[in-house]
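Colleague: Take this structure, written in structure tokens, and hold onto it; I'll ask about it next.
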Amino acid sequence: MEAIAYAIDKEARAFVETAYNKAKEILETHIDKLHQVANRLMELEIMDGEEFRAIMEGENSKGES
């Protein structure tokens, strides 16, 4: 029983570490877009899906760069 729990814990840890590393890689790759989104949210406290998509696709959002 203990060996099964250990195996499950080990597999779960590997899954979480893989997901964490992938998320970190995505954020590091798109850090400029993350900052644009954060700045826009600090400015207006709201953002619609279209504006978010525009930022993520590198388009000017609502006439701004």
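Chains: A, B, ... in order of the structure tokens. Residues: from 1 per chain. Ligands: from 1, in order shown.
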In chain A, what's alpha helix (DSSP H) per DSSP? Answer as number ranges by chain?

Modeller: A: 2-29, 31-44, 49-56

Colleague: Find the residues around region 20-34 of chain A up to 12 Å (only C-alpha atoms counted), leave out those fewer than 5 positions away in its own chain, and share them as number ranges by chain.

Modeller: A: 13-15, 39-41, 51-61, 65

Colleague: Quick one, how far is CA of Gly49 (chain A) from CA of Val37 (chain A)?

Modeller: 11.4 Å
